[in-house]
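Q: Below is the file upload32.cif, with mmCIF, C-alpha atoms and all ligand atoms.
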data_my_file
#
loop_
_atom_site.label_atom_id
_atom_site.label_comp_id
_atom_site.auth_asym_id
_atom_site.auth_seq_id
_atom_site.Cartn_x
_atom_site.Cartn_y
_atom_site.Cartn_z
CA MET B 24 34.17 -32.10 -25.86
CA THR B 25 37.27 -33.04 -23.82
CA ASP B 26 39.59 -32.36 -26.73
CA GLN B 27 38.29 -28.80 -27.16
CA HIS B 28 38.66 -26.00 -24.63
CA LEU B 29 35.58 -24.13 -23.44
CA ARG B 30 34.64 -21.00 -25.32
CA ASP B 31 34.30 -17.76 -23.36
CA GLU B 32 30.48 -17.76 -23.77
CA GLN B 33 30.30 -21.30 -22.42
CA VAL B 34 32.21 -20.31 -19.30
CA GLN B 35 29.96 -17.29 -18.67
CA ALA B 36 26.74 -19.19 -19.37
CA PHE B 37 27.96 -21.97 -17.06
CA LEU B 38 28.46 -19.50 -14.22
CA ASP B 39 25.14 -17.75 -14.99
CA GLY B 40 23.44 -21.14 -14.68
CA THR B 41 22.09 -20.87 -18.21
CA ALA B 42 24.44 -23.27 -20.05
CA VAL B 43 22.54 -25.97 -21.94
CA ASP B 44 25.43 -28.46 -21.69
CA SER B 45 26.43 -28.14 -18.03
CA PRO B 46 27.26 -31.85 -17.50
CA ALA B 47 29.66 -31.83 -20.47
CA ILE B 48 31.26 -28.60 -19.22
CA GLU B 49 31.74 -30.08 -15.76
CA ALA B 50 33.30 -33.18 -17.26
CA HIS B 51 35.74 -31.05 -19.24
CA LEU B 52 36.60 -28.89 -16.24
CA ALA B 53 37.43 -31.99 -14.21
CA SER B 54 40.27 -32.78 -16.56
CA CYS B 55 41.39 -29.36 -17.82
CA PRO B 56 43.31 -26.96 -15.54
CA ARG B 57 43.37 -24.25 -18.18
CA CYS B 58 39.57 -24.02 -18.43
CA ARG B 59 39.28 -24.31 -14.64
CA ALA B 60 41.47 -21.20 -14.42
CA ALA B 61 39.18 -19.39 -16.87
CA VAL B 62 36.14 -20.28 -14.74
CA GLU B 63 37.97 -19.20 -11.59
CA GLY B 64 38.80 -15.83 -13.15
CA TYR B 65 35.18 -15.18 -14.02
CA ARG B 66 34.06 -16.40 -10.63
CA ARG B 67 36.18 -13.69 -9.02
CA LEU B 68 34.87 -11.10 -11.46
CA TYR B 69 31.28 -12.08 -10.56
CA ALA B 70 32.06 -11.76 -6.85
CA GLY B 71 33.47 -8.29 -7.49
CA LEU B 72 30.49 -7.27 -9.62
CA ALA B 73 28.03 -8.23 -6.91
CA THR B 74 29.23 -5.20 -4.94
CA ALA B 75 31.19 -2.94 -7.29
CA SER B 76 28.31 -2.60 -9.77
CA GLU B 77 26.38 -0.53 -7.22
CA PRO B 78 26.14 3.08 -8.43
CA ALA B 79 25.94 6.11 -6.13
CA ALA B 80 23.12 6.08 -3.57
CA LEU B 81 20.02 8.32 -3.53
CA SER B 82 19.67 10.93 -0.81
CA VAL B 83 18.36 9.55 2.45
CA ASP B 84 15.19 11.66 2.22
CA PHE B 85 14.42 10.57 -1.34
CA ALA B 86 10.99 9.12 -0.47
CA ASP B 87 10.04 12.34 1.39
CA ARG B 88 10.90 14.39 -1.66
CA VAL B 89 8.77 12.20 -3.91
CA MET B 90 5.85 12.37 -1.47
CA ALA B 91 6.11 16.16 -1.37
CA ARG B 92 5.70 16.29 -5.15
CA LEU B 93 2.58 14.11 -5.36
CA PRO B 94 -0.49 15.89 -6.73
CA GLU B 95 -3.12 16.91 -4.16
CA PRO B 96 -5.79 14.26 -3.56
CA GLY B 97 -8.63 16.56 -4.62
CA GLY B 98 -6.92 17.60 -7.85
CA PHE B 99 -8.27 16.99 -11.31
CA ARG B 100 -5.81 14.20 -12.08
CA ALA B 101 -6.60 12.47 -8.78
CA GLN B 102 -10.27 12.65 -9.66
CA LEU B 103 -9.62 10.96 -12.98
CA ARG B 104 -7.40 8.32 -11.42
CA ARG B 105 -9.63 7.58 -8.45
CA PRO B 106 -11.55 4.38 -9.10
CA LEU B 107 -15.32 4.61 -8.70
CA ALA B 108 -15.40 1.04 -7.47
CA GLY B 109 -14.20 1.98 -3.97
CA GLU B 110 -16.50 2.12 -0.97
CA GLY B 111 -19.51 0.53 -2.69
CA ILE B 112 -20.24 3.48 -4.97
CA PHE B 113 -21.59 1.07 -7.57
CA ALA B 114 -24.02 -0.37 -5.08
CA PHE B 115 -25.27 3.15 -4.31
CA ALA B 116 -25.61 3.95 -8.00
CA ALA B 117 -27.42 0.71 -8.76
CA PHE B 118 -29.79 1.31 -5.85
CA ALA B 119 -30.53 4.88 -6.97
CA ALA B 120 -31.17 3.74 -10.55
CA LEU B 121 -33.44 0.93 -9.33
CA VAL B 122 -35.53 3.32 -7.25
CA ALA B 123 -35.76 5.76 -10.18
CA ALA B 124 -36.81 2.99 -12.57
CA ALA B 125 -39.38 1.63 -10.13
CA ILE B 126 -40.97 5.05 -9.66
CA PHE B 127 -40.90 5.62 -13.42
CA PHE B 128 -42.72 2.41 -14.24
CA ILE B 129 -45.09 2.41 -11.30
CA LYS B 130 -46.05 6.06 -11.33
CA PRO B 131 -44.92 8.01 -14.42
CA SER B 132 -47.07 10.96 -13.46
CA LEU B 133 -44.77 11.73 -10.54
CA TRP B 134 -41.88 12.42 -12.92
CA HIS B 135 -44.22 14.33 -15.24
CA ASP B 136 -45.25 16.62 -12.39
CA LEU B 137 -41.63 17.10 -11.37
CA PHE B 138 -40.64 17.96 -14.94
CA GLN B 139 -43.47 20.49 -15.24
CA GLY B 140 -42.74 21.86 -11.79
CA LEU B 141 -39.09 22.46 -12.64
CA PHE B 142 -40.05 25.03 -15.24
CA LYS B 143 -43.60 26.19 -14.46
CA SER B 144 -42.80 27.48 -11.02
CA SER B 145 -42.43 31.10 -12.06
CA GLY B 146 -42.94 33.44 -15.02
CA SER B 147 -43.78 32.98 -18.65
CA THR B 148 -40.12 32.65 -19.78
CA ASN B 149 -39.83 29.39 -17.90
CA GLN B 150 -43.03 28.12 -19.50
CA GLN B 151 -41.59 28.98 -22.88
CA VAL B 152 -38.41 27.02 -22.02
CA ALA B 153 -40.51 24.09 -20.81
CA LYS B 154 -42.42 24.00 -24.05
CA THR B 155 -39.26 24.13 -26.16
CA ALA B 156 -37.58 21.43 -24.03
CA ALA B 157 -40.63 19.21 -24.28
CA GLY B 158 -40.67 19.74 -28.07
CA VAL B 159 -37.02 18.78 -28.42
CA LEU B 160 -37.49 15.67 -26.26
CA GLU B 161 -40.57 14.67 -28.26
CA SER B 162 -38.70 14.97 -31.57
CA LEU B 163 -36.01 12.71 -30.03
CA LYS B 164 -38.72 10.25 -28.94
CA ILE B 165 -37.72 10.63 -25.28
CA SER B 166 -40.53 11.09 -22.81
CA PRO B 167 -40.07 14.04 -20.41
CA GLU B 168 -40.73 11.62 -17.54
CA LEU B 169 -37.79 9.39 -18.51
CA PHE B 170 -35.58 12.45 -19.07
CA THR B 171 -36.34 13.83 -15.60
CA ALA B 172 -35.77 10.42 -14.02
CA VAL B 173 -32.35 10.09 -15.69
CA ILE B 174 -31.28 13.64 -14.73
CA LEU B 175 -32.30 13.17 -11.10
CA THR B 176 -30.56 9.79 -10.93
CA ILE B 177 -27.33 11.32 -12.29
CA ILE B 178 -27.55 14.14 -9.73
CA ALA B 179 -28.09 11.58 -6.94
CA ILE B 180 -25.07 9.52 -8.00
CA GLY B 181 -22.91 12.63 -8.31
CA LEU B 182 -23.93 13.74 -4.83
CA ILE B 183 -23.15 10.39 -3.24
CA ASP B 184 -19.80 10.22 -5.07
CA TRP B 185 -18.93 13.72 -3.90
CA ILE B 186 -19.71 12.85 -0.28
CA VAL B 187 -17.61 9.67 -0.45
CA THR B 188 -14.67 11.53 -2.06
CA ARG B 189 -14.77 14.27 0.56
CA ARG B 190 -14.72 11.76 3.37
CA ARG B 191 -11.81 9.82 1.86
CA THR B 192 -9.77 12.97 1.16
CA HIS B 193 -10.36 14.09 4.71
CA HIS B 194 -9.15 10.70 5.99
CA THR B 195 -5.95 10.88 3.92
CA ALA B 196 -5.21 14.42 5.06
CA VAL B 197 -5.61 13.45 8.70
CA HIS B 198 -3.43 10.39 8.20
CA LEU B 199 -0.61 12.40 6.64
CA ALA B 200 -0.69 15.18 9.22
CA MET U 8 -4.50 -11.50 -3.83
CA THR U 9 -0.76 -10.90 -3.44
CA ASP U 10 0.87 -8.23 -1.30
CA GLN U 11 1.63 -6.25 -4.44
CA HIS U 12 -2.01 -6.39 -5.60
CA GLU U 13 -3.11 -5.18 -2.19
CA LEU U 14 -0.52 -2.39 -2.17
CA VAL U 15 -1.63 -1.16 -5.60
CA GLN U 16 -5.29 -1.26 -4.55
CA ARG U 17 -4.56 0.77 -1.42
CA ILE U 18 -2.76 3.39 -3.48
CA LEU U 19 -5.63 3.57 -5.97
CA ASP U 20 -8.00 4.03 -3.05
CA GLY U 21 -6.05 7.15 -2.11
CA ASP U 22 -3.74 5.77 0.61
CA LYS U 23 -0.58 7.85 0.28
CA GLN U 24 1.33 5.89 2.90
CA ALA U 25 0.94 2.85 0.67
CA PHE U 26 2.60 4.79 -2.12
CA ARG U 27 5.51 5.63 0.15
CA ILE U 28 5.97 1.90 0.70
CA LEU U 29 6.03 1.38 -3.08
CA VAL U 30 8.70 4.09 -3.40
CA GLU U 31 10.85 2.61 -0.66
CA GLN U 32 10.58 -0.88 -2.14
CA ASN U 33 11.60 0.22 -5.64
CA GLN U 34 13.80 3.29 -5.30
CA ARG U 35 17.03 1.31 -5.35
CA LEU U 36 16.11 -0.46 -8.59
CA VAL U 37 15.05 2.82 -10.19
CA SER U 38 18.29 4.52 -9.12
CA HIS U 39 20.32 1.65 -10.57
CA ILE U 40 18.75 2.21 -13.98
CA VAL U 41 18.83 6.02 -13.93
CA PHE U 42 22.35 6.31 -12.45
CA ARG U 43 23.68 3.81 -14.98
CA MET U 44 21.90 5.21 -18.01
CA LEU U 45 22.63 8.90 -17.38
CA PRO U 46 25.99 10.59 -16.90
CA ASP U 47 26.81 12.03 -13.48
CA GLY U 48 24.87 15.19 -12.71
CA PRO U 49 22.31 16.80 -10.40
CA ASP U 50 19.38 15.99 -12.71
CA ARG U 51 19.67 12.24 -12.10
CA GLU U 52 17.93 12.29 -8.73
CA ASP U 53 15.25 14.63 -10.11
CA LEU U 54 14.63 12.11 -12.85
CA CYS U 55 14.25 9.33 -10.26
CA GLN U 56 11.55 11.45 -8.58
CA GLU U 57 9.82 11.98 -11.90
CA VAL U 58 9.80 8.24 -12.51
CA PHE U 59 7.77 7.76 -9.33
CA LEU U 60 5.41 10.61 -10.21
CA LYS U 61 4.77 8.85 -13.52
CA VAL U 62 4.19 5.61 -11.66
CA TYR U 63 1.67 7.38 -9.43
CA GLN U 64 -0.18 8.89 -12.38
CA ASN U 65 -0.31 5.68 -14.39
CA LEU U 66 -0.83 3.08 -11.68
CA GLY U 67 -4.51 2.75 -12.58
CA ARG U 68 -3.43 1.38 -15.96
CA PHE U 69 -1.13 -1.29 -14.53
CA ARG U 70 -2.72 -4.71 -15.17
CA PHE U 71 -0.22 -7.05 -13.47
CA ASP U 72 0.85 -8.57 -16.79
CA ALA U 73 4.39 -8.21 -15.41
CA LYS U 74 5.82 -7.89 -11.91
CA LEU U 75 5.17 -4.45 -10.41
CA SER U 76 8.93 -3.87 -10.06
CA THR U 77 9.48 -4.75 -13.74
CA TRP U 78 6.76 -2.30 -14.78
CA ILE U 79 8.32 0.47 -12.64
CA ALA U 80 11.76 -0.33 -14.07
CA THR U 81 10.35 -0.07 -17.59
CA ILE U 82 9.04 3.42 -16.81
CA ALA U 83 12.46 4.36 -15.41
CA HIS U 84 14.16 3.12 -18.56
CA ASN U 85 11.73 5.03 -20.80
CA CYS U 86 12.32 8.23 -18.82
CA CYS U 87 16.07 7.78 -19.32
CA LEU U 88 15.67 7.31 -23.07
CA ASP U 89 13.54 10.49 -23.28
CA HIS U 90 16.09 12.39 -21.23
CA LEU U 91 19.04 11.18 -23.31
CA ALA U 92 17.22 12.01 -26.55
CA LYS U 93 16.45 15.51 -25.26
CA LYS U 94 20.09 16.08 -24.35
CA ARG U 95 21.30 14.30 -27.51
CA LEU U 96 23.54 12.02 -25.49
CA PRO U 97 24.85 8.75 -26.95
CA LEU U 98 23.48 5.47 -25.73
CA TYR U 99 25.72 2.88 -27.29
CA ASP U 100 29.13 4.39 -28.01
CA ASP U 101 31.33 1.60 -29.27
CA LEU U 102 32.81 -0.75 -26.68
CA GLY U 103 35.92 -0.70 -28.87
CA GLY U 104 39.42 -1.52 -27.69
CA GLY U 105 39.16 0.83 -24.73
CA GLU U 106 42.28 2.92 -25.36
CA ASP U 107 40.39 5.81 -26.95
CA MET U 108 37.71 5.94 -24.26
CA PRO U 109 37.60 9.12 -22.21
CA GLU U 110 38.41 8.81 -18.54
CA PRO U 111 35.32 9.03 -16.37
CA GLU U 112 34.84 12.21 -14.35
CA ALA U 113 33.35 10.98 -11.06
CA PRO U 114 36.47 11.34 -8.90
CA GLU U 115 34.80 10.60 -5.57
CA SER U 116 34.52 6.93 -6.53
CA TYR U 117 38.28 6.65 -6.82
CA SER U 118 39.52 8.69 -3.91
CA PRO U 119 42.55 7.17 -2.18
CA GLU U 120 40.45 6.75 0.98
CA ARG U 121 37.92 4.70 -0.85
CA ILE U 122 40.52 2.55 -2.59
CA VAL U 123 42.06 1.77 0.78
CA ALA U 124 38.65 1.11 2.30
CA GLU U 125 37.28 -1.32 -0.24
CA GLY U 126 40.49 -2.62 -1.74
CA GLU U 127 42.25 -1.86 -4.95
CA THR U 128 40.50 -4.51 -7.03
CA ALA U 129 37.00 -3.27 -6.17
CA ALA U 130 37.99 0.34 -6.86
CA LEU U 131 39.49 -0.57 -10.23
CA LEU U 132 36.44 -2.63 -11.12
CA ARG U 133 34.17 0.25 -10.18
CA ARG U 134 36.12 2.55 -12.43
CA GLU U 135 36.02 0.13 -15.35
CA ILE U 136 32.25 -0.35 -14.99
CA ASP U 137 31.79 3.42 -15.09
CA ARG U 138 33.73 3.52 -18.35
CA LEU U 139 31.33 1.13 -20.08
CA PRO U 140 28.64 2.59 -22.37
CA PRO U 141 25.30 3.22 -20.56
CA VAL U 142 23.43 0.22 -21.94
CA TYR U 143 26.21 -2.19 -20.95
CA LYS U 144 26.67 -0.96 -17.42
CA THR U 145 22.91 -0.92 -16.87
CA ILE U 146 22.66 -4.57 -17.92
CA VAL U 147 25.64 -5.54 -15.73
CA THR U 148 24.09 -3.80 -12.72
CA LEU U 149 20.60 -5.25 -13.22
CA PHE U 150 21.99 -8.76 -13.59
CA HIS U 151 24.63 -8.80 -10.86
CA LEU U 152 23.14 -6.44 -8.29
CA ASP U 153 19.37 -6.73 -8.74
CA GLU U 154 19.68 -10.37 -9.79
CA LEU U 155 17.22 -10.05 -12.66
CA SER U 156 17.11 -12.65 -15.42
CA TYR U 157 18.07 -11.99 -19.07
CA ASP U 158 14.33 -12.11 -19.82
CA GLU U 159 13.35 -9.53 -17.18
CA ILE U 160 16.14 -7.17 -18.27
CA GLY U 161 14.96 -7.62 -21.86
CA ARG U 162 11.42 -6.60 -20.92
CA ILE U 163 12.67 -3.50 -19.11
CA MET U 164 15.02 -2.41 -21.89
CA LYS U 165 12.78 -3.62 -24.73
CA MET U 166 15.44 -5.83 -26.26
CA PRO U 167 15.39 -9.52 -27.13
CA GLU U 168 16.74 -11.84 -24.46
CA GLY U 169 19.54 -12.91 -26.83
CA THR U 170 20.72 -9.30 -27.23
CA ILE U 171 20.81 -8.77 -23.47
CA LYS U 172 22.83 -11.96 -23.08
CA SER U 173 25.33 -11.01 -25.76
CA TYR U 174 25.79 -7.47 -24.37
CA LEU U 175 26.26 -8.87 -20.88
CA PHE U 176 28.85 -11.38 -22.08
CA ARG U 177 30.75 -8.73 -24.04
CA ALA U 178 30.76 -6.34 -21.09
CA ARG U 179 32.08 -8.98 -18.68
CA ARG U 180 34.67 -10.16 -21.17
CA LEU U 181 35.89 -6.60 -21.52
CA LEU U 182 36.02 -6.05 -17.74
CA LYS U 183 37.94 -9.29 -17.31
CA ASP U 184 40.43 -8.35 -20.04
CA ARG U 185 40.96 -4.83 -18.70
CA LEU U 186 41.57 -6.18 -15.24
CA ALA U 187 43.56 -9.16 -16.45
CA VAL U 188 45.94 -9.10 -13.49
CA GLN U 189 43.08 -9.33 -10.99
CA PHE U 190 40.85 -11.77 -12.84
CA GLN U 191 43.04 -14.03 -14.93
CA GLY U 192 42.46 -16.96 -12.58
CA GLU U 193 45.01 -19.32 -11.11
CA LYS U 194 47.53 -20.51 -13.61
CA PRO U 195 48.27 -24.21 -13.38
ZN ZN I 1 39.94 -26.86 -21.49
#
Output the file's structure as structure tokens, nothing else.
Ligand SMILES: [Zn+2]
A:
Amino acid sequence: MTDQHLRDEQVQAFLDGTAVDSPAIEAHLASCPRCRAAVEGYRRLYAGLATASEPAALSVDFADRVMARLPEPGGFRAQLRRPLAGEGIFAFAAFAALVAAAIFFIKPSLWHDLFQGLFKSSGSTNQQVAKTAAGVLESLKISPELFTAVILTIIAIGLIDWIVTRRRTHHTAVHLA
Amino acid sequence: MTDQHELVQRILDGDKQAFRILVEQNQRLVSHIVFRMLPDGPDREDLCQEVFLKVYQNLGRFRFDAKLSTWIATIAHNCCLDHLAKKRLPLYDDLGGGEDMPEPEAPESYSPERIVAEGETAALLRREIDRLPPVYKTIVTLFHLDELSYDEIGRIMKMPEGTIKSYLFRARRLLKDRLAVQFQGEKP
């Protein structure tokens, strides 16, 4: 090592702290003024780079400009991005599903009546629709009771989610104002 | 849960002030990449804004498999590549001997006032960095100013660590040679 001068890459790696043979390099530097000068030259370059490599600065109101371009919280993209996990929405959903399942298994007739009631309330057209719907469900081997329970559960979850979203959006708007 | 995890969660929960904090923490890094990768022009700051809009839209997909700042820097780098491809601008023009390289345009960096203020050596160095091809000056800036490792720079620029290292060494060698008077070191 001592009879050979340091290569340029060795000098740079040494100063970067990534040289694999640092002890040997140090030993060589102790006895070689020429390589010490090479290290010193790079050391000064590094000191210069620590400041001179800074490009132009952003405008002082850069963050404001970014914030002004953010999509509105109620927007479609925000809806997609917004995690359902917030504010215990899963707990609500699980609770609603549990209640629906309990009613379904304990008292199926309740759902049956609801299903009938949805369509039979007025006119013969609705009865026709009810019959067709029941036929379709039967061919799919889905009981009308289960179908009604699922639909009502989905509506309940949607409603709760909507209320939570509205409250959060309102909060954010107030906070930003 | 780290501060960064908490910050991301707050943003995902709809807290816009948390996003402003993210912008302020990372805008310098983003500007270093964009301002180094793209030639001088008014669209550079616009692109920095777009980087953060992309970050906002995609934050839900961030899984903390890298540092948040590294992930943001990767988005910045990708935006630059898209922009350069759209404008058909070169990314690597040869480092070459330097004589045939065009002089950089940005005159404000080299005004006499500035040279007096920060010293001749710093002004010359600044000019020589600006003359490097985009990839080289980006690597130099990320290493010396943002103090990122070869590995982190490699992740951001999607290049092997060894390539980053060799580009960095070549760029510094070139700067040292071009500014031989300032950086030749003490002669024995
Ligand atoms: Zn030597």
Q: Check which residues fall inside 12 Å of ligand ZN 1 (chain I) when counting only C-alpha atoms and all ligand atoms, and print them as a PyMOL selection string.
A: (chain B and resi 24-31+33-34+47-62) or (chain U and resi 195)
Q: Dump C-alpha atoms for the selected residues as a PDB file, in the coordinates of the input?
A:
ATOM      1  CA  MET B  24      34.170 -32.100 -25.860  1.00  0.00           C
ATOM      2  CA  THR B  25      37.270 -33.040 -23.820  1.00  0.00           C
ATOM      3  CA  ASP B  26      39.590 -32.360 -26.730  1.00  0.00           C
ATOM      4  CA  GLN B  27      38.290 -28.800 -27.160  1.00  0.00           C
ATOM      5  CA  HIS B  28      38.660 -26.000 -24.630  1.00  0.00           C
ATOM      6  CA  LEU B  29      35.580 -24.130 -23.440  1.00  0.00           C
ATOM      7  CA  ARG B  30      34.640 -21.000 -25.320  1.00  0.00           C
ATOM      8  CA  ASP B  31      34.300 -17.760 -23.360  1.00  0.00           C
ATOM      9  CA  GLN B  33      30.300 -21.300 -22.420  1.00  0.00           C
ATOM     10  CA  VAL B  34      32.210 -20.310 -19.300  1.00  0.00           C
ATOM     11  CA  ALA B  47      29.660 -31.830 -20.470  1.00  0.00           C
ATOM     12  CA  ILE B  48      31.260 -28.600 -19.220  1.00  0.00           C
ATOM     13  CA  GLU B  49      31.740 -30.080 -15.760  1.00  0.00           C
ATOM     14  CA  ALA B  50      33.300 -33.180 -17.260  1.00  0.00           C
ATOM     15  CA  HIS B  51      35.740 -31.050 -19.240  1.00  0.00           C
ATOM     16  CA  LEU B  52      36.600 -28.890 -16.240  1.00  0.00           C
ATOM     17  CA  ALA B  53      37.430 -31.990 -14.210  1.00  0.00           C
ATOM     18  CA  SER B  54      40.270 -32.780 -16.560  1.00  0.00           C
ATOM     19  CA  CYS B  55      41.390 -29.360 -17.820  1.00  0.00           C
ATOM     20  CA  PRO B  56      43.310 -26.960 -15.540  1.00  0.00           C
ATOM     21  CA  ARG B  57      43.370 -24.250 -18.180  1.00  0.00           C
ATOM     22  CA  CYS B  58      39.570 -24.020 -18.430  1.00  0.00           C
ATOM     23  CA  ARG B  59      39.280 -24.310 -14.640  1.00  0.00           C
ATOM     24  CA  ALA B  60      41.470 -21.200 -14.420  1.00  0.00           C
ATOM     25  CA  ALA B  61      39.180 -19.390 -16.870  1.00  0.00           C
ATOM     26  CA  VAL B  62      36.140 -20.280 -14.740  1.00  0.00           C
TER      27      VAL B  62
ATOM     28  CA  PRO U 195      48.270 -24.210 -13.380  1.00  0.00           C
TER      29      PRO U 195
END
Q: Work out how far apart atom CA of Lys154 of chain B and atom CA of Leu182 of chain B are and give it in Å to one decimal.
A: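 Taking atom CA of Lys154 of chain B as the start and atom CA of Leu182 of chain B as the end point, the length is 28.6 Å.
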Q: Using only C-alpha atoms, find which residues of chain U lie within 7 Å of chain B and jot them down as a VMD selection string.
A: chain U and resid 19 to 20 22 27 30 to 31 38 to 39 42 52 56 60 67 129 132 to 133 136 148 151 to 152 176 183 190 to 195
Q: Please compute the atom CA of Asp47 of chain U-atom CA of Lys165 of chain U distance, one decimal, in Å.
A: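 Interatomic distance here is 23.8 Å.
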Q: Atom CA of Leu137 of chain B and atom CA of Ala114 of chain B are how many Å apart?
A: 25.6 Å
Q: Hey, which of U:Val58, U:Leu182, U:Ile18, U:Leu66 ends up closest to Arg134 of chain U? Count all atoms listed in the file.
A: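 Result for the nearest residue to Arg134 of chain U: U:Leu182.
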Q: Which of these residues is nearest to Arg179 of chain U, using all atoms listed in the file: U:Ala25, U:Cys87, U:Cys55, U:Val147?
A: U:Val147
Q: Could you check the closest approach to Lys23 of chain U for each of B:Glu95, B:Glu168, B:Pro46, B:Asp84 and tell me which residue wins, using all atoms listed in the file?
A: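 Ranked by minimum distance to Lys23 of chain U, first place goes to B:Glu95.
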Q: Between B:Thr155, B:Ile180, B:Trp185, B:His135, which is the closest to Pro167 of chain B once you count all atoms listed in the file?
A: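 Distance minimum relative to Pro167 of chain B lands on B:His135.
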Q: Given 5 Å of margin on each side, can you work out the centre and size in Å (one decimal) of an axis-aligned box holding every listed atom of segment 132-136 of chain B, as JSON?
A:
{"center_x": -44.5, "center_y": 13.8, "center_z": -12.9, "size_x": 15.2, "size_y": 15.7, "size_z": 14.7}
Q: What's around segment 156-160 of chain U at 12 Å? Count only C-alpha atoms, leave out sequence neighbours fewer than 4 positions away in its own chain, and write the answer as a ChimeraX atom specification.
A: /B:36,39-41 /U:36,40,73-78,80-81,84,142-143,145-152,164-176
Q: What's the 9 Å shell around segment 170-177 of chain B, counting all atoms listed in the file, without same-chain residues fewer than 3 positions away, as a ChimeraX atom specification?
A: /B:116,119-120,122-124,126-127,134-135,137-138,160,165-167,180-182
Q: Restrict the selected residues to C-alpha atoms and save them as a short mmCIF file (atom, residue, chain, number, x, y, z; two decimals), keeping the file's coordinate frame.
A:
data_model
loop_
_atom_site.label_atom_id
_atom_site.label_comp_id
_atom_site.auth_asym_id
_atom_site.auth_seq_id
_atom_site.Cartn_x
_atom_site.Cartn_y
_atom_site.Cartn_z
CA ALA B 116 -25.61 3.95 -8.00
CA ALA B 119 -30.53 4.88 -6.97
CA ALA B 120 -31.17 3.74 -10.55
CA VAL B 122 -35.53 3.32 -7.25
CA ALA B 123 -35.76 5.76 -10.18
CA ALA B 124 -36.81 2.99 -12.57
CA ILE B 126 -40.97 5.05 -9.66
CA PHE B 127 -40.90 5.62 -13.42
CA TRP B 134 -41.88 12.42 -12.92
CA HIS B 135 -44.22 14.33 -15.24
CA LEU B 137 -41.63 17.10 -11.37
CA PHE B 138 -40.64 17.96 -14.94
CA LEU B 160 -37.49 15.67 -26.26
CA ILE B 165 -37.72 10.63 -25.28
CA SER B 166 -40.53 11.09 -22.81
CA PRO B 167 -40.07 14.04 -20.41
CA ILE B 180 -25.07 9.52 -8.00
CA GLY B 181 -22.91 12.63 -8.31
CA LEU B 182 -23.93 13.74 -4.83
#
Q: Restricting the calculation to all atoms listed in the file, which member of B:Ala91, B:Ala179, B:Ala117, B:Val152 is positioned closest to Glu57 of chain U?
A: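 Ranking B:Ala91, B:Ala179, B:Ala117, B:Val152 by distance to Glu57 of chain U, first place goes to B:Ala91.
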